[in-house]
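Here is the file entry03.csv (CSV, C-alpha atoms and all ligand atoms).
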chain,number,residue,atom,x,y,z
I,1,MET,CA,0.8,-147.6,-74.5
I,2,THR,CA,-2.5,-146.0,-75.1
I,3,ALA,CA,-4.1,-144.8,-78.3
I,4,MET,CA,-3.9,-141.3,-76.8
I,5,HIS,CA,-0.1,-141.6,-76.5
I,6,ASP,CA,0.2,-142.7,-80.1
I,7,ILE,CA,-1.8,-139.7,-81.3
I,8,SER,CA,0.3,-137.3,-79.3
I,9,GLU,CA,3.4,-138.8,-80.7
I,10,ILE,CA,2.0,-138.2,-84.2
I,11,ALA,CA,1.1,-134.6,-83.3
I,12,ASP,CA,4.7,-134.0,-82.2
I,13,TRP,CA,6.1,-135.4,-85.4
I,14,LEU,CA,3.7,-133.3,-87.5
I,15,HIS,CA,4.6,-130.2,-85.7
I,16,SER,CA,8.3,-130.9,-85.9
I,17,HIS,CA,8.0,-131.3,-89.7
I,18,ALA,CA,6.0,-128.1,-90.0
I,19,ILE,CA,3.0,-130.1,-91.2
I,20,HIS,CA,0.1,-128.1,-90.0
I,21,HIS,CA,-2.8,-126.2,-91.6
I,22,GLU,CA,-3.0,-122.4,-91.3
I,23,SER,CA,-6.6,-121.5,-92.1
I,24,SER,CA,-8.1,-118.2,-91.4
I,25,VAL,CA,-11.8,-117.6,-90.4
I,26,HIS,CA,-13.5,-115.6,-93.1
I,27,ASP,CA,-16.4,-113.1,-92.6
I,28,THR,CA,-18.0,-114.1,-95.9
I,29,LEU,CA,-17.5,-116.9,-98.4
I,30,PRO,CA,-15.7,-116.4,-101.7
I,31,ASP,CA,-17.6,-115.6,-104.9
I,32,PRO,CA,-14.5,-115.3,-105.5
I,33,VAL,CA,-14.2,-112.0,-103.5
I,34,PHE,CA,-14.6,-112.4,-99.7
I,35,ARG,CA,-14.1,-110.4,-96.5
I,36,VAL,CA,-11.6,-111.4,-93.8
I,37,GLY,CA,-10.8,-109.3,-90.7
I,38,GLY,CA,-12.8,-106.4,-92.2
I,39,GLU,CA,-10.7,-106.4,-95.4
I,40,GLN,CA,-11.6,-107.5,-98.9
I,41,ALA,CA,-9.7,-110.4,-100.4
I,42,VAL,CA,-9.9,-112.6,-103.5
I,43,SER,CA,-9.9,-116.4,-103.5
I,44,PHE,CA,-7.9,-118.3,-106.1
I,45,SER,CA,-8.8,-121.6,-104.4
I,46,THR,CA,-12.6,-121.8,-104.2
I,47,ASN,CA,-14.5,-124.8,-105.6
I,48,ASN,CA,-17.4,-122.3,-106.3
I,49,TYR,CA,-16.2,-122.5,-110.0
I,50,LEU,CA,-19.3,-120.7,-111.5
I,51,ALA,CA,-19.8,-118.3,-108.6
I,52,LEU,CA,-23.3,-119.8,-108.0
I,53,ALA,CA,-23.1,-120.4,-104.2
I,54,ASN,CA,-24.5,-117.0,-103.4
I,55,HIS,CA,-26.4,-116.3,-106.6
I,56,PRO,CA,-29.7,-114.6,-105.8
I,57,ARG,CA,-31.7,-117.3,-107.6
I,58,LEU,CA,-30.1,-120.1,-105.5
I,59,VAL,CA,-30.7,-118.0,-102.3
I,60,GLU,CA,-34.3,-117.4,-103.2
I,61,ALA,CA,-34.9,-121.1,-104.0
I,62,ALA,CA,-33.3,-122.1,-100.7
I,63,LYS,CA,-35.5,-119.7,-98.8
I,64,ALA,CA,-38.6,-121.1,-100.5
I,65,GLY,CA,-37.4,-124.6,-99.6
I,66,LEU,CA,-36.9,-123.5,-95.9
I,67,GLU,CA,-40.4,-122.0,-95.8
I,68,ARG,CA,-42.0,-125.0,-97.3
I,69,TYR,CA,-40.1,-127.8,-95.5
I,70,GLY,CA,-38.1,-126.4,-92.6
I,71,VAL,CA,-34.4,-126.8,-92.0
I,72,GLY,CA,-34.1,-130.6,-92.2
I,73,ASN,CA,-36.0,-133.7,-93.0
I,74,CYS,CA,-34.7,-135.7,-90.0
I,75,GLU,CA,-35.2,-139.1,-91.6
I,76,SER,CA,-33.8,-141.4,-94.2
I,77,ARG,CA,-35.5,-141.3,-97.6
I,78,LEU,CA,-36.2,-145.0,-97.2
I,79,LEU,CA,-38.4,-144.2,-94.2
I,80,GLY,CA,-40.3,-140.9,-93.9
I,81,GLY,CA,-37.8,-138.5,-95.3
I,82,ASP,CA,-38.5,-138.6,-99.1
I,83,LEU,CA,-39.8,-135.6,-100.9
I,84,PRO,CA,-40.7,-134.8,-104.5
I,85,VAL,CA,-37.8,-132.2,-104.7
I,86,TYR,CA,-35.2,-135.1,-104.2
I,87,ARG,CA,-36.8,-137.1,-107.0
I,88,GLU,CA,-36.8,-134.1,-109.3
I,89,LEU,CA,-33.2,-133.4,-108.5
I,90,GLU,CA,-32.2,-137.0,-109.3
I,91,ARG,CA,-34.1,-136.9,-112.5
I,92,ARG,CA,-32.3,-133.7,-113.6
I,93,LEU,CA,-28.9,-135.1,-112.6
I,94,GLY,CA,-29.5,-138.3,-114.5
I,95,ALA,CA,-30.4,-136.3,-117.6
I,96,LEU,CA,-27.3,-134.1,-117.2
I,97,LYS,CA,-25.2,-137.2,-117.3
I,98,HIS,CA,-27.2,-139.0,-120.0
I,99,LYS,CA,-28.3,-141.7,-117.6
I,100,SER,CA,-31.8,-142.9,-116.8
I,101,ASP,CA,-31.5,-142.2,-113.0
I,102,ALA,CA,-29.3,-140.8,-110.3
I,103,VAL,CA,-29.1,-141.6,-106.6
I,104,LEU,CA,-28.6,-138.7,-104.2
I,105,PHE,CA,-26.3,-138.8,-101.1
I,106,VAL,CA,-25.6,-136.2,-98.4
I,107,THR,CA,-22.1,-135.3,-99.7
I,108,GLY,CA,-19.8,-136.3,-102.5
I,109,TYR,CA,-17.6,-138.0,-99.9
I,110,MET,CA,-20.4,-140.1,-98.7
I,111,THR,CA,-21.3,-141.0,-102.3
I,112,ASN,CA,-17.9,-142.5,-103.0
I,113,ILE,CA,-17.9,-144.3,-99.6
I,114,GLY,CA,-21.5,-145.5,-100.0
I,115,VAL,CA,-21.3,-146.7,-103.6
I,116,LEU,CA,-17.8,-148.2,-103.7
I,117,SER,CA,-18.3,-150.1,-100.5
I,118,THR,CA,-21.6,-151.4,-101.7
I,119,LEU,CA,-21.1,-152.4,-105.3
I,120,VAL,CA,-19.3,-155.5,-104.5
I,121,LYS,CA,-21.5,-156.4,-101.6
I,122,ALA,CA,-25.0,-155.8,-103.0
I,123,GLY,CA,-25.3,-159.5,-104.0
I,124,LEU,CA,-24.3,-160.6,-100.6
I,125,LEU,CA,-26.9,-158.4,-98.9
I,126,ALA,CA,-29.6,-159.6,-101.3
I,127,ARG,CA,-28.6,-163.2,-100.4
I,128,LEU,CA,-29.6,-162.5,-96.8
I,129,HIS,CA,-33.1,-162.0,-98.2
I,130,GLY,CA,-33.1,-165.3,-100.1
I,131,PHE,CA,-31.6,-164.1,-103.5
I,132,ARG,CA,-29.7,-166.9,-105.2
I,133,PRO,CA,-27.3,-165.5,-107.9
I,134,SER,CA,-26.9,-167.4,-111.2
I,135,LYS,CA,-23.1,-167.0,-110.7
I,136,ARG,CA,-21.0,-166.2,-107.6
I,137,ARG,CA,-18.6,-163.5,-108.5
I,138,LYS,CA,-15.4,-162.1,-106.9
I,139,TYR,CA,-14.7,-158.4,-107.7
I,140,ALA,CA,-11.5,-156.4,-107.8
I,141,TYR,CA,-11.0,-152.7,-107.9
I,142,PHE,CA,-8.5,-151.0,-110.3
I,143,THR,CA,-7.8,-147.5,-109.0
I,144,ASP,CA,-5.6,-144.5,-110.2
I,145,GLU,CA,-2.9,-143.7,-107.6
I,146,TYR,CA,-4.1,-140.1,-107.4
I,147,ASN,CA,-7.8,-140.8,-106.9
I,148,HIS,CA,-9.6,-138.9,-104.1
I,149,ILE,CA,-9.2,-140.2,-100.6
I,150,SER,CA,-13.0,-141.0,-100.4
I,151,ILE,CA,-12.5,-143.4,-103.3
I,152,ARG,CA,-9.6,-145.1,-101.5
I,153,GLU,CA,-11.7,-145.4,-98.3
I,154,GLY,CA,-14.8,-146.7,-100.1
I,155,ILE,CA,-12.7,-149.4,-101.8
I,156,LEU,CA,-11.1,-150.3,-98.4
I,157,MET,CA,-14.5,-150.6,-96.8
I,158,SER,CA,-15.7,-152.9,-99.6
I,159,GLY,CA,-13.1,-155.6,-98.7
I,160,ALA,CA,-12.5,-156.4,-102.4
I,161,ASP,CA,-9.0,-156.8,-103.8
I,162,LYS,CA,-7.4,-153.5,-104.9
I,163,HIS,CA,-4.9,-152.9,-107.7
I,164,THR,CA,-3.4,-149.4,-108.0
I,165,TYR,CA,-2.2,-148.2,-111.3
I,166,ARG,CA,0.2,-145.3,-112.0
I,167,HIS,CA,-1.5,-142.0,-112.7
I,168,ALA,CA,-3.4,-142.1,-116.0
I,169,ASP,CA,-1.0,-144.9,-117.2
I,170,MET,CA,-3.2,-147.1,-119.4
I,171,THR,CA,-0.4,-149.6,-120.2
I,172,HIS,CA,0.0,-150.2,-116.5
I,173,LEU,CA,-3.7,-150.5,-115.9
I,174,GLU,CA,-4.0,-153.0,-118.8
I,175,SER,CA,-1.1,-155.1,-117.4
I,176,LEU,CA,-2.9,-155.2,-114.0
I,177,LEU,CA,-6.3,-156.1,-115.6
I,178,LYS,CA,-4.6,-159.0,-117.5
I,179,ALA,CA,-2.9,-160.3,-114.4
I,180,ALA,CA,-6.0,-160.1,-112.2
I,181,GLY,CA,-7.3,-163.5,-113.1
I,182,GLY,CA,-11.0,-164.4,-112.6
I,183,ALA,CA,-12.2,-161.4,-110.6
I,184,SER,CA,-14.8,-159.1,-112.1
I,185,PRO,CA,-13.0,-155.7,-112.6
I,186,ILE,CA,-14.3,-152.3,-111.5
I,187,ILE,CA,-12.1,-149.4,-112.7
I,188,VAL,CA,-12.3,-146.2,-110.7
I,189,SER,CA,-10.9,-142.8,-111.7
I,190,ASP,CA,-11.4,-139.2,-110.9
I,191,GLY,CA,-12.6,-137.3,-114.0
I,192,VAL,CA,-10.5,-134.3,-113.1
I,193,PHE,CA,-7.8,-135.0,-110.5
I,194,SER,CA,-8.3,-132.6,-107.6
I,195,MET,CA,-4.6,-132.1,-106.6
I,196,GLU,CA,-3.1,-132.4,-110.1
I,197,GLY,CA,-5.6,-130.6,-112.3
I,198,THR,CA,-5.3,-133.4,-115.0
I,199,ILE,CA,-8.2,-134.9,-116.9
I,200,ALA,CA,-8.6,-138.7,-116.9
I,201,PRO,CA,-8.1,-140.4,-120.4
I,202,LEU,CA,-11.8,-141.4,-120.5
I,203,PRO,CA,-11.9,-142.8,-124.0
I,204,GLU,CA,-9.0,-145.1,-123.3
I,205,LEU,CA,-10.4,-146.1,-119.9
I,206,THR,CA,-13.8,-146.9,-121.5
I,207,ALA,CA,-12.1,-149.0,-124.2
I,208,LEU,CA,-10.2,-151.0,-121.6
I,209,ALA,CA,-13.4,-151.3,-119.5
I,210,GLU,CA,-15.3,-152.7,-122.5
I,211,LYS,CA,-12.4,-155.0,-123.5
I,212,TYR,CA,-12.1,-156.5,-120.1
I,213,GLY,CA,-15.8,-156.5,-119.2
I,214,ALA,CA,-15.3,-154.0,-116.4
I,215,MET,CA,-17.5,-151.5,-114.8
I,216,LEU,CA,-16.1,-147.9,-114.9
I,217,TYR,CA,-16.7,-145.5,-112.1
I,218,ILE,CA,-15.8,-141.8,-112.8
I,219,ASP,CA,-15.7,-139.2,-110.0
I,220,ASP,CA,-16.7,-136.0,-111.7
I,221,ALA,CA,-16.5,-133.8,-108.6
I,222,HIS,CA,-14.4,-131.2,-110.4
I,223,ALA,CA,-15.8,-131.8,-113.8
I,224,THR,CA,-19.6,-131.5,-113.3
I,225,GLY,CA,-20.7,-128.0,-114.4
I,226,VAL,CA,-17.1,-127.3,-115.6
I,227,LEU,CA,-16.2,-129.7,-118.5
I,228,GLY,CA,-18.4,-130.1,-121.6
I,229,ALA,CA,-20.5,-127.7,-123.6
I,230,HIS,CA,-23.4,-128.1,-121.1
I,231,GLY,CA,-21.3,-128.7,-118.0
I,232,GLY,CA,-22.1,-132.5,-118.3
I,233,GLY,CA,-18.5,-133.4,-117.2
I,234,THR,CA,-15.8,-135.7,-118.5
I,235,SER,CA,-18.1,-137.8,-120.7
I,236,GLU,CA,-19.4,-134.7,-122.4
I,237,HIS,CA,-15.9,-133.2,-122.8
I,238,PHE,CA,-14.8,-136.3,-124.7
I,239,GLY,CA,-18.1,-137.1,-126.3
I,240,CYS,CA,-17.6,-140.5,-124.7
I,241,TYR,CA,-20.7,-142.3,-123.3
I,242,SER,CA,-21.0,-146.0,-122.5
I,243,GLU,CA,-23.3,-148.3,-120.5
I,244,THR,CA,-20.3,-149.4,-118.5
I,245,ILE,CA,-19.7,-145.9,-117.0
I,246,MET,CA,-21.2,-144.9,-113.6
I,247,GLN,CA,-21.0,-141.1,-113.2
I,248,MET,CA,-20.4,-139.8,-109.7
I,249,GLY,CA,-20.6,-136.1,-109.0
I,250,THR,CA,-20.7,-133.6,-106.1
I,251,LEU,CA,-23.1,-130.7,-105.7
I,252,SER,CA,-20.8,-128.7,-103.5
I,253,LYS,CA,-18.5,-127.3,-106.1
I,254,ALA,CA,-19.6,-125.8,-109.4
I,255,LEU,CA,-23.3,-126.3,-108.4
I,256,GLY,CA,-22.7,-124.2,-105.2
I,257,ALA,CA,-24.6,-126.2,-102.5
I,258,ILE,CA,-24.1,-129.6,-100.8
I,259,GLY,CA,-24.7,-133.2,-101.8
I,260,GLY,CA,-23.4,-135.9,-104.0
I,261,PHE,CA,-24.8,-138.3,-106.5
I,262,VAL,CA,-24.1,-141.2,-108.8
I,263,ALA,CA,-25.9,-141.2,-112.2
I,264,LEU,CA,-26.5,-144.7,-113.6
I,265,GLU,CA,-29.2,-146.9,-115.2
I,266,ARG,CA,-32.4,-147.2,-113.3
I,267,GLU,CA,-32.1,-150.9,-112.5
I,268,MET,CA,-28.7,-150.3,-110.8
I,269,ALA,CA,-30.1,-147.3,-109.0
I,270,ASP,CA,-32.9,-149.3,-107.5
I,271,VAL,CA,-30.4,-151.9,-106.2
I,272,LEU,CA,-28.2,-149.2,-104.7
I,273,ARG,CA,-31.1,-147.5,-102.9
I,274,LEU,CA,-31.9,-150.7,-101.2
I,275,THR,CA,-28.4,-151.9,-100.4
I,276,SER,CA,-26.2,-148.8,-99.7
I,277,SER,CA,-26.3,-147.8,-96.1
I,278,ALA,CA,-25.0,-144.4,-96.9
I,279,TYR,CA,-28.3,-143.9,-98.7
I,280,GLY,CA,-30.7,-145.9,-96.5
I,281,PHE,CA,-29.3,-145.3,-93.0
I,282,THR,CA,-28.7,-141.6,-93.1
I,283,CYS,CA,-30.3,-138.4,-94.3
I,284,PRO,CA,-30.1,-136.7,-97.7
I,285,PRO,CA,-29.0,-133.1,-98.1
I,286,PRO,CA,-31.6,-130.8,-96.4
I,287,PRO,CA,-34.6,-130.0,-98.7
I,288,ASP,CA,-33.7,-126.3,-99.1
I,289,GLN,CA,-30.4,-127.3,-100.6
I,290,ALA,CA,-32.2,-129.7,-103.0
I,291,ASN,CA,-34.4,-126.7,-104.0
I,292,ALA,CA,-31.4,-124.5,-104.5
I,293,LEU,CA,-29.7,-127.2,-106.6
I,294,LEU,CA,-32.7,-127.2,-109.0
I,295,ALA,CA,-32.1,-123.5,-109.5
I,296,ALA,CA,-28.4,-124.2,-110.1
I,297,LEU,CA,-29.2,-126.7,-112.8
I,298,ASP,CA,-31.5,-124.1,-114.4
I,299,LEU,CA,-28.6,-121.6,-114.4
I,300,LEU,CA,-26.2,-124.2,-115.9
I,301,GLU,CA,-28.5,-124.4,-118.9
I,302,GLN,CA,-29.6,-120.8,-119.1
I,303,GLU,CA,-26.2,-119.0,-118.5
I,304,PRO,CA,-23.5,-120.9,-120.5
I,305,GLU,CA,-21.5,-117.7,-120.5
I,306,ARG,CA,-20.5,-118.4,-116.9
I,307,ARG,CA,-18.7,-121.5,-118.0
I,308,ALA,CA,-17.2,-119.5,-121.0
I,309,ARG,CA,-15.9,-116.9,-118.5
I,310,LEU,CA,-14.4,-119.6,-116.3
I,311,TRP,CA,-12.4,-121.0,-119.3
I,312,ASP,CA,-11.4,-117.5,-120.6
I,313,ASN,CA,-10.0,-116.8,-117.1
I,314,GLN,CA,-8.2,-120.2,-117.0
I,315,ARG,CA,-6.5,-119.5,-120.4
I,316,TYR,CA,-5.6,-115.9,-119.4
I,317,PHE,CA,-4.0,-117.1,-116.1
I,318,VAL,CA,-2.1,-119.9,-117.7
I,319,GLU,CA,-0.7,-117.7,-120.5
I,320,ARG,CA,0.6,-115.2,-118.0
I,321,MET,CA,2.0,-117.7,-115.5
I,322,ARG,CA,3.9,-119.8,-118.1
I,323,PRO,CA,6.8,-117.3,-118.6
I,324,LEU,CA,7.5,-117.0,-114.9
I,325,GLY,CA,9.3,-120.3,-114.8
I,326,TYR,CA,7.2,-122.2,-112.2
I,327,THR,CA,6.3,-125.8,-112.7
I,328,LEU,CA,2.6,-126.0,-113.4
I,329,THR,CA,1.5,-129.7,-112.9
I,330,SER,CA,-1.3,-129.3,-115.4
I,331,THR,CA,-2.9,-126.5,-117.5
I,332,SER,CA,-5.9,-128.3,-118.9
I,333,THR,CA,-8.5,-127.5,-116.3
I,334,PRO,CA,-9.4,-124.6,-113.9
I,335,ILE,CA,-7.2,-126.3,-111.3
I,336,VAL,CA,-3.7,-125.1,-112.0
I,337,PRO,CA,-1.3,-126.3,-109.3
I,338,VAL,CA,2.1,-124.6,-109.0
I,339,LEU,CA,4.6,-127.1,-107.6
I,340,ILE,CA,6.7,-125.6,-104.8
I,341,GLY,CA,8.1,-128.8,-103.2
I,342,ASP,CA,9.0,-128.0,-99.6
I,343,ALA,CA,5.9,-127.6,-97.4
I,344,GLU,CA,7.4,-124.8,-95.3
I,345,ARG,CA,8.3,-122.8,-98.5
I,346,CYS,CA,4.8,-123.4,-99.8
I,347,GLN,CA,3.3,-122.0,-96.6
I,348,ARG,CA,5.5,-118.9,-96.9
I,349,PHE,CA,4.2,-118.4,-100.4
I,350,ALA,CA,0.6,-118.7,-99.2
I,351,ARG,CA,1.2,-116.3,-96.3
I,352,ALA,CA,2.9,-113.8,-98.7
I,353,LEU,CA,-0.1,-114.0,-101.1
I,354,ARG,CA,-2.5,-113.5,-98.2
I,355,ALA,CA,-0.6,-110.3,-97.3
I,356,GLU,CA,-1.4,-109.1,-100.8
I,357,GLY,CA,-5.1,-109.9,-100.4
I,358,VAL,CA,-5.1,-113.2,-102.2
I,359,HIS,CA,-6.1,-116.6,-100.8
I,360,VAL,CA,-4.5,-119.7,-102.4
I,361,ASP,CA,-4.5,-123.1,-100.8
I,362,ALA,CA,-1.1,-124.5,-99.8
I,363,ILE,CA,-1.6,-128.2,-100.5
I,364,GLN,CA,0.8,-130.5,-98.6
I,365,PHE,CA,1.0,-134.0,-97.0
I,366,PRO,CA,-1.2,-135.9,-96.6
I,367,ALA,CA,-3.2,-134.6,-99.6
I,368,VAL,CA,0.0,-135.0,-101.7
I,369,PRO,CA,3.2,-137.0,-101.0
I,370,PRO,CA,5.8,-135.3,-98.7
I,371,GLY,CA,8.1,-133.0,-100.8
I,372,GLN,CA,5.4,-132.2,-103.4
I,373,ALA,CA,3.7,-129.3,-101.7
I,374,ARG,CA,2.0,-127.0,-104.1
I,375,LEU,CA,-0.1,-123.8,-104.4
I,376,ARG,CA,-3.4,-124.9,-105.9
I,377,PHE,CA,-4.7,-122.1,-108.0
I,378,MET,CA,-8.3,-122.6,-109.0
I,379,LEU,CA,-9.8,-120.2,-111.6
I,380,ASN,CA,-13.4,-118.9,-111.3
I,381,ALA,CA,-16.0,-117.5,-113.5
I,382,GLY,CA,-16.1,-114.4,-111.3
I,383,HIS,CA,-12.4,-113.4,-111.5
I,384,THR,CA,-11.7,-110.2,-113.2
I,385,ARG,CA,-8.7,-109.6,-115.5
I,386,ALA,CA,-7.3,-107.1,-112.9
I,387,GLN,CA,-7.5,-109.7,-110.1
I,388,ILE,CA,-5.6,-112.2,-112.3
I,389,ASP,CA,-3.0,-109.6,-113.3
I,390,HIS,CA,-2.5,-108.8,-109.6
I,391,VAL,CA,-2.0,-112.4,-108.5
I,392,VAL,CA,0.4,-113.1,-111.4
I,393,GLY,CA,2.4,-109.9,-110.5
I,394,VAL,CA,2.7,-111.1,-106.9
I,395,MET,CA,3.8,-114.6,-108.0
I,396,ALA,CA,6.5,-112.9,-110.3
I,397,ARG,CA,7.9,-111.0,-107.3
I,398,LEU,CA,7.7,-113.9,-104.9
I,399,GLY,CA,9.5,-116.2,-107.2
I,400,ALA,CA,12.6,-114.0,-106.9
I,401,THR,CA,12.5,-113.5,-103.1
I,402,LEU,CA,11.1,-116.7,-101.5
M,501,LIG,C1,-12.4,-135.7,-106.5
M,501,LIG,C2,-13.3,-135.5,-105.3
M,501,LIG,N1,-14.2,-136.4,-105.0
M,501,LIG,C3,-15.1,-136.3,-104.0
M,501,LIG,C4,-15.0,-135.1,-103.2
M,501,LIG,C5,-15.9,-135.0,-102.0
M,501,LIG,O1,-17.0,-134.1,-102.3
M,501,LIG,P1,-17.8,-133.3,-101.2
M,501,LIG,O2,-17.0,-132.1,-100.8
M,501,LIG,O3,-19.1,-133.1,-101.8
M,501,LIG,O4,-18.0,-134.3,-100.0
M,501,LIG,C6,-14.0,-134.2,-103.4
M,501,LIG,C7,-14.0,-133.0,-102.6
M,501,LIG,O5,-13.0,-132.3,-102.4
M,501,LIG,C8,-13.2,-134.3,-104.5
M,501,LIG,O6,-12.2,-133.4,-104.8

Output the file's structure as structure tokens, nothing else.
Ligand SMILES: Cc1ncc(COP(=O)(O)O)c(C=O)c1O
Amino acid sequence: MTAMHDISEIADWLHSHAIHHESSVHDTLPDPVFRVGGEQAVSFSTNNYLALANHPRLVEAAKAGLERYGVGNCESRLLGGDLPVYRELERRLGALKHKSDAVLFVTGYMTNIGVLSTLVKAGLLARLHGFRPSKRRKYAYFTDEYNHISIREGILMSGADKHTYRHADMTHLESLLKAAGGASPIIVSDGVFSMEGTIAPLPELTALAEKYGAMLYIDDAHATGVLGAHGGGTSEHFGCYSETIMQMGTLSKALGAIGGFVALEREMADVLRLTSSAYGFTCPPPPDQANALLAALDLLEQEPERRARLWDNQRYFVERMRPLGYTLTSTSTPIVPVLIGDAERCQRFARALRAEGVHVDAIQFPAVPPGQARLRFMLNAGHTRAQIDHVVGVMARLGATL
């Protein structure tokens, strides 16, 4: 049996279970309005939460970056690829997260892979260069069952022990921490869970981290720019700051461009830069993107009304959806998933919505367990009341027919 045979067997199984992705090619990207096949449509599933991705100031900043630096830097920052614009971006991201530094990676995905695979191995790498630790430690990860796949893969790559706790269940987490013995714990949680729309109980996580001497790693991909009065994320939302927290974020959602980062104290940042291959053995986001991101951070400060509009739209949508009788897995963030269950039925909903000029992602296995397919509605600062009324009206009709 060859690997090729195994893959085609999997392909047959996926097809026979109607597990496939129907994506259409769009003519423009959603802000949240977009064009597809010459028609106009509205996205209720874009991560472009603040409608910044095509904001004229970001476009102008990117153009200025292109003219100054060209389209790519073609080298790792540890070699000849470093530029002042990256340093400035890291300084600003560190400040947004109330940390003394931040380390930039090419995407959010690579940030999780790069940081989580390295944290437990940094000492080992330093030993190759003659470092002798005062104490040899073993580490263990404690991870929420619904954490993003890049977290799961980063932990797997680290080779450390992994203990998975039930979603946001602090009693379960504490029982695992107690049972873990001598290993140094690292707790990892999404700040906002991408498929559920729930917010992690950060104050309780922080209390447990402090009680058990753990490091706490928070993936704020869907919280940065969205939660907190200044868009600082989960910590700002709860007013919960601690030295134990490392703050990961992505630059490809509310901030509208591409890249990922982890905000932390300078000493740890220095170690990560030298030991994480996802930082040192690959390129950062292109310099025009870094330039555009500085403009996005300016707008985050200067136009708080964008975040206010996003949350007004979230509340308006939830109030109108509630009476329709669907199961909403969470109503506390701009991600409002509508549980459908059966993957094929969920696809039928998505197709029917598309026919009405609305794009909503049908989320199914492997992103969620089989039988828990859902329509993932994501609210946006750019949605109008008429657009929200339209999509709720369509959902009211579809509920009775599909
Ligand atoms: C929770 C979470 N973490 C990390 C990522 C990866 O971010 P990026 O798209 O910047 O690679 C995502 C993206 O979907 C995410 O939802």

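Atom CA of Ala295 of chain I sits 28.5 Å away from atom CA of Val25 of chain I.
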
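Using all atoms listed in the file, the nearest neighbour of ligand LIG 501 (chain M) within the list I:Tyr139, I:Tyr69, I:Phe131, I:Tyr146 is I:Tyr146.
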
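Using all atoms listed in the file, the smallest distance between any of I:Phe261, I:Val59, I:Glu204, I:Asp161 and Arg273 of chain I comes from I:Phe261.
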
When the cut-off is 6 Å and you count all atoms listed in the file, which residues lie near ligand LIG 501 (chain M), shown as a PDB file with C-alpha atoms, in the frame of the given file?
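For reference, selection-v3.pdb as written:
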ATOM      1  CA  THR I 107     -22.100-135.300 -99.700  1.00  0.00           C
ATOM      2  CA  GLY I 108     -19.800-136.300-102.500  1.00  0.00           C
ATOM      3  CA  TYR I 109     -17.600-138.000 -99.900  1.00  0.00           C
ATOM      4  CA  HIS I 148      -9.600-138.900-104.100  1.00  0.00           C
ATOM      5  CA  ASP I 190     -11.400-139.200-110.900  1.00  0.00           C
ATOM      6  CA  SER I 194      -8.300-132.600-107.600  1.00  0.00           C
ATOM      7  CA  ASP I 219     -15.700-139.200-110.000  1.00  0.00           C
ATOM      8  CA  ALA I 221     -16.500-133.800-108.600  1.00  0.00           C
ATOM      9  CA  THR I 250     -20.700-133.600-106.100  1.00  0.00           C
ATOM     10  CA  SER I 252     -20.800-128.700-103.500  1.00  0.00           C
ATOM     11  CA  GLY I 259     -24.700-133.200-101.800  1.00  0.00           C
ATOM     12  CA  GLY I 260     -23.400-135.900-104.000  1.00  0.00           C
TER      13      GLY I 260
END

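The space separating atom CA of Leu96 of chain I from atom CA of Thr244 of chain I comes to 16.9 Å.
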
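If you measure from each of I:Ala296, I:Met195, I:Leu104, I:Leu119 to Phe377 of chain I using all atoms listed in the file, the closest one turns out to be I:Met195.
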
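With distances taken over all atoms listed in the file, I:Ala102 is the one residue among I:Ala290, I:Leu310, I:Ala102, I:Ile245 lying closest to Glu267 of chain I.
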
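Relative to atom CA of Ser242 of chain I, atom CA of Gly114 of chain I is found at 22.5 Å.
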
Neighbour list for Gly65 of chain I as a PyMOL selection string, cut-off 8 Å, only C-alpha atoms, skip fewer than 4 positions in-chain: chain I and resi 61+69-70+287-289+291-292

Just-selected residues, C-alpha atoms written as a PDB file, in the coordinates of the input:
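Once written, selection.pdb looks like this:
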ATOM      1  CA  ALA I  61     -34.900-121.100-104.000  1.00  0.00           C
ATOM      2  CA  TYR I  69     -40.100-127.800 -95.500  1.00  0.00           C
ATOM      3  CA  GLY I  70     -38.100-126.400 -92.600  1.00  0.00           C
ATOM      4  CA  PRO I 287     -34.600-130.000 -98.700  1.00  0.00           C
ATOM      5  CA  ASP I 288     -33.700-126.300 -99.100  1.00  0.00           C
ATOM      6  CA  GLN I 289     -30.400-127.300-100.600  1.00  0.00           C
ATOM      7  CA  ASN I 291     -34.400-126.700-104.000  1.00  0.00           C
ATOM      8  CA  ALA I 292     -31.400-124.500-104.500  1.00  0.00           C
TER       9      ALA I 292
END

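Proximity of I:Gly341, I:Gly357, I:Gly399, I:Gly159 to Pro369 of chain I, computed with only C-alpha atoms, is greatest for I:Gly341.
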
As a list in words, please: the residues near Ala223 of chain I (cut-off 8 Å, all atoms listed in the file, same-chain neighbours under 6 positions excluded). Gly191, Val192, Gly231, Gly232, Gly233 and Thr234 of chain I

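Checking I:Thr329, I:Thr282, I:Gln364, I:Thr275 one by one against Ala343 of chain I, counting only C-alpha atoms, you find the shortest gap at I:Gln364.
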
Do you know which residues are at most 10 Å from Phe238 of chain I counting all atoms listed in the file, after dropping those on the same chain fewer than 4 positions away, and could you put them as a list in words? Pro201, Leu202, Pro203, Leu227, Gly228, Gly233 and Thr234 of chain I

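Excluding Ala168 of chain I itself and same-chain residues fewer than 3 positions from it, the residues having an atom within 9 Å of it are I:Asp144, I:Glu145, I:Tyr146, I:Tyr165, I:His172, I:Leu173, I:Ser189, I:Thr198, I:Ile199, I:Ala200, I:Pro201, I:Leu205, counting only C-alpha atoms.
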
Which residues are close to Asp389 of chain I, i.e. within 12 Å by all atoms listed in the file, leaving aside same-chain residues fewer than 2 positions away? Reply as number ranges by chain. I: 313, 316-321, 358, 383-387, 391-396
